[in-house]
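Have a look at the structure below before the remarks.
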Amino acid sequence: GTTVAGTFVPLVGGPVFGIILGAVAAHFVRGLRDDRLSRGYELAARPVLQLSIVVLGTGLSLQQVTQVGVESLPVMLGTLTVALGGAWLLGRLLGVRGDTQTLIGVGTGICGASAIAATSAVIKPRQTDIAYALGTIFTFNIAAVLLFPTVGHLLGMSPHAFGLWAGTAINDTSSVVAAAYGYDGAGPYGLVVKLTRTLTLIPIVLVLSVIAARRTGSGSTRLPWRRLVPPFLLGFLAAAGLDSLGVIPTSWHVPLAAVGTFLITTAMAGIGLSMRLADLRTAGPRPLLLGGILWIAVATSSLGIQYLIS
């Protein structure tokens, strides 16, 4: 139903309808809050989303993926610098220090919850630090999904420009996919930019592992390789490779894109159904303020860098 609604109201898009209606239903329909249903929501929110990314890879060639990745590098590296530098400076000013500061910085600058998970495996923060960072990132993911498409239309952004903005300025992959595929024609570009941005997690975590090893006095820190290079990213590249080789007929592109959009919308509905208003208050005021300022700084710097290099 939300996929159909998205076709009738393309300004909003199916994925955004999915997360909004899911959240509203979870809040007002008491039976949907049953913990026994949470496994279904998690299945939709993670494996289904990851499958959708692989399916969407069938509509892109490796040449396109490489070209988009190279084109987006100036904006990507600029926003990453703003996020990490801003987290260090603003964290000191706001009194948000230590691991919470680091986790919010990498979560905002790279790939949201995935970056927080990979970084946590190296620096071993307290559970409360992880909770603060995840609560902060989650709050601004939802805000981005709801606001970015509307702002993009108000600014008259092209699909190319919006895809680059969403891919470099929104945290989680799921939120980038929801926003970009809710903006006509921006989805594939935004997805490739986001997946390229995810790869910057590797050098960042390598550096953090060295710092953590020195801090603890140990010779090495075990790196979370599976989290650094997620399987769905490899699946996406494999699907694009098959398309490049001509294995996937051109006539399949439109129906596969429709399947991908349906899977994305299903995933967003799962995320919406798993939302609880209490989760938005978990972060507390100062980490939330740090995340909010960083989010705005990254979003505006992405637009600014695009303007300067265009």
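Residue names in the structure tokens use chain letters A, B, ... in the order shown, residue numbers from 1 in each chain, and ligand numbers from 1 in the order shown.
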Per residue of stretch 244-306 of chain A within 9 Å of stretch 103-125 of chain A, what are the shortest atom pair and its distance in Å to one decimal, counting only C-alpha atoms, with rows by chain and residue number, as a Markdown table?
| residue | atom | partner | partner_atom | distance |
| --- | --- | --- | --- | --- |
| A:Pro287 | CA | A:Ile104 | CA | 7.9 |
| A:Leu290 | CA | A:Ile104 | CA | 8.0 |
| A:Gly291 | CA | A:Ile104 | CA | 6.5 |
| A:Leu294 | CA | A:Thr108 | CA | 7.1 |
| A:Trp295 | CA | A:Thr108 | CA | 6.7 |
| A:Val298 | CA | A:Gly109 | CA | 7.7 |
Close residues, A:Leu49 itself excluded, 9 Å, only C-alpha atoms, min 5 positions apart in chain, as a count of residues only
11
* Please report, as JSON, numbers by chain, each residue of stretch 44-82 of chain A to which DSSP assigns alpha helix (DSSP H) when run on this structure's backbone. => {"A": [49, 50, 51, 52, 53, 54, 55, 56, 62, 63, 64, 65, 66, 67, 68, 69, 70, 71, 72, 73, 74, 75, 76, 77, 78, 79, 80, 81, 82]}
Between atom CA of A:Glu42 and atom CA of A:Tyr181, what is the spacing in Å?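 Result for atom CA of A:Tyr181 versus atom CA of A:Glu42: 21.0 Å, one decimal.
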*Among the residues A:Gly40, A:Gly235, A:Gly69, A:Gly246, the one that comes closest to A:Thr200 [using only C-alpha atoms]*: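 Once distances to A:Thr200 are computed over only C-alpha atoms, the minimum belongs to A:Gly69.
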Shortest contact to A:Leu62, candidates A:Ser38, A:Ser251, A:Thr136, A:Ser244, atoms counted only C-alpha atoms, goes to A:Ser244
Near A:Val176, within 10 Å and counting only C-alpha atoms, which residues show up once chain neighbours fewer than 3 positions away are dropped, as a PDB file with C-alpha atoms, in the first residue's frame?
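Okay, out_31.pdb is ready:
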ATOM      1  CA  CYS A 111      27.485   5.554   7.893  1.00  0.00           C
ATOM      2  CA  ASN A 141      18.136   9.845  10.414  1.00  0.00           C
ATOM      3  CA  ALA A 144      16.593  13.610   7.262  1.00  0.00           C
ATOM      4  CA  VAL A 145      14.209  11.133   5.640  1.00  0.00           C
ATOM      5  CA  PHE A 148      15.542  16.238   2.743  1.00  0.00           C
ATOM      6  CA  GLY A 163      21.604  12.163  -4.836  1.00  0.00           C
ATOM      7  CA  TRP A 165      23.576  15.643  -1.161  1.00  0.00           C
ATOM      8  CA  ALA A 166      21.674  12.727   0.344  1.00  0.00           C
ATOM      9  CA  GLY A 167      24.588  10.326  -0.124  1.00  0.00           C
ATOM     10  CA  THR A 168      27.057  12.611   1.649  1.00  0.00           C
ATOM     11  CA  ALA A 169      24.861  14.272   4.289  1.00  0.00           C
ATOM     12  CA  ILE A 170      22.535  11.552   5.651  1.00  0.00           C
ATOM     13  CA  ASN A 171      23.840   9.040   8.165  1.00  0.00           C
ATOM     14  CA  ASP A 172      22.526   5.481   7.809  1.00  0.00           C
ATOM     15  CA  THR A 173      22.371   3.674   4.471  1.00  0.00           C
ATOM     16  CA  ALA A 179      15.362   9.857   0.961  1.00  0.00           C
ATOM     17  CA  ALA A 180      17.074   9.355  -2.405  1.00  0.00           C
ATOM     18  CA  TYR A 181      14.476   6.935  -3.756  1.00  0.00           C
ATOM     19  CA  GLY A 182      11.776   9.319  -2.563  1.00  0.00           C
ATOM     20  CA  GLY A 187      18.007   6.948  -6.009  1.00  0.00           C
ATOM     21  CA  GLY A 190      22.574   8.599  -3.939  1.00  0.00           C
ATOM     22  CA  LEU A 191      23.015   4.882  -3.223  1.00  0.00           C
ATOM     23  CA  VAL A 193      27.650   7.797  -3.276  1.00  0.00           C
ATOM     24  CA  LYS A 194      26.586   6.375   0.068  1.00  0.00           C
ATOM     25  CA  LEU A 195      28.233   2.989  -0.499  1.00  0.00           C
TER      26      LEU A 195
END
- Item | atom CA of A:Ala269 to atom CA of A:Ser72, straight-line distance in Å |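 Distance reported for this atom pair: 29.5 Å.
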Given the choices A:Leu37, A:Met76, A:Ala186, A:Leu134, which gets closest to A:His153 if the distance is worked out from only C-alpha atoms?
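The answer is A:Ala186, which sits nearest to A:His153.
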- What is the distance, in Å and to one decimal place, between atom CA of A:Pro285 and atom CA of A:Thr128?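 A separation of 14.2 Å between them.
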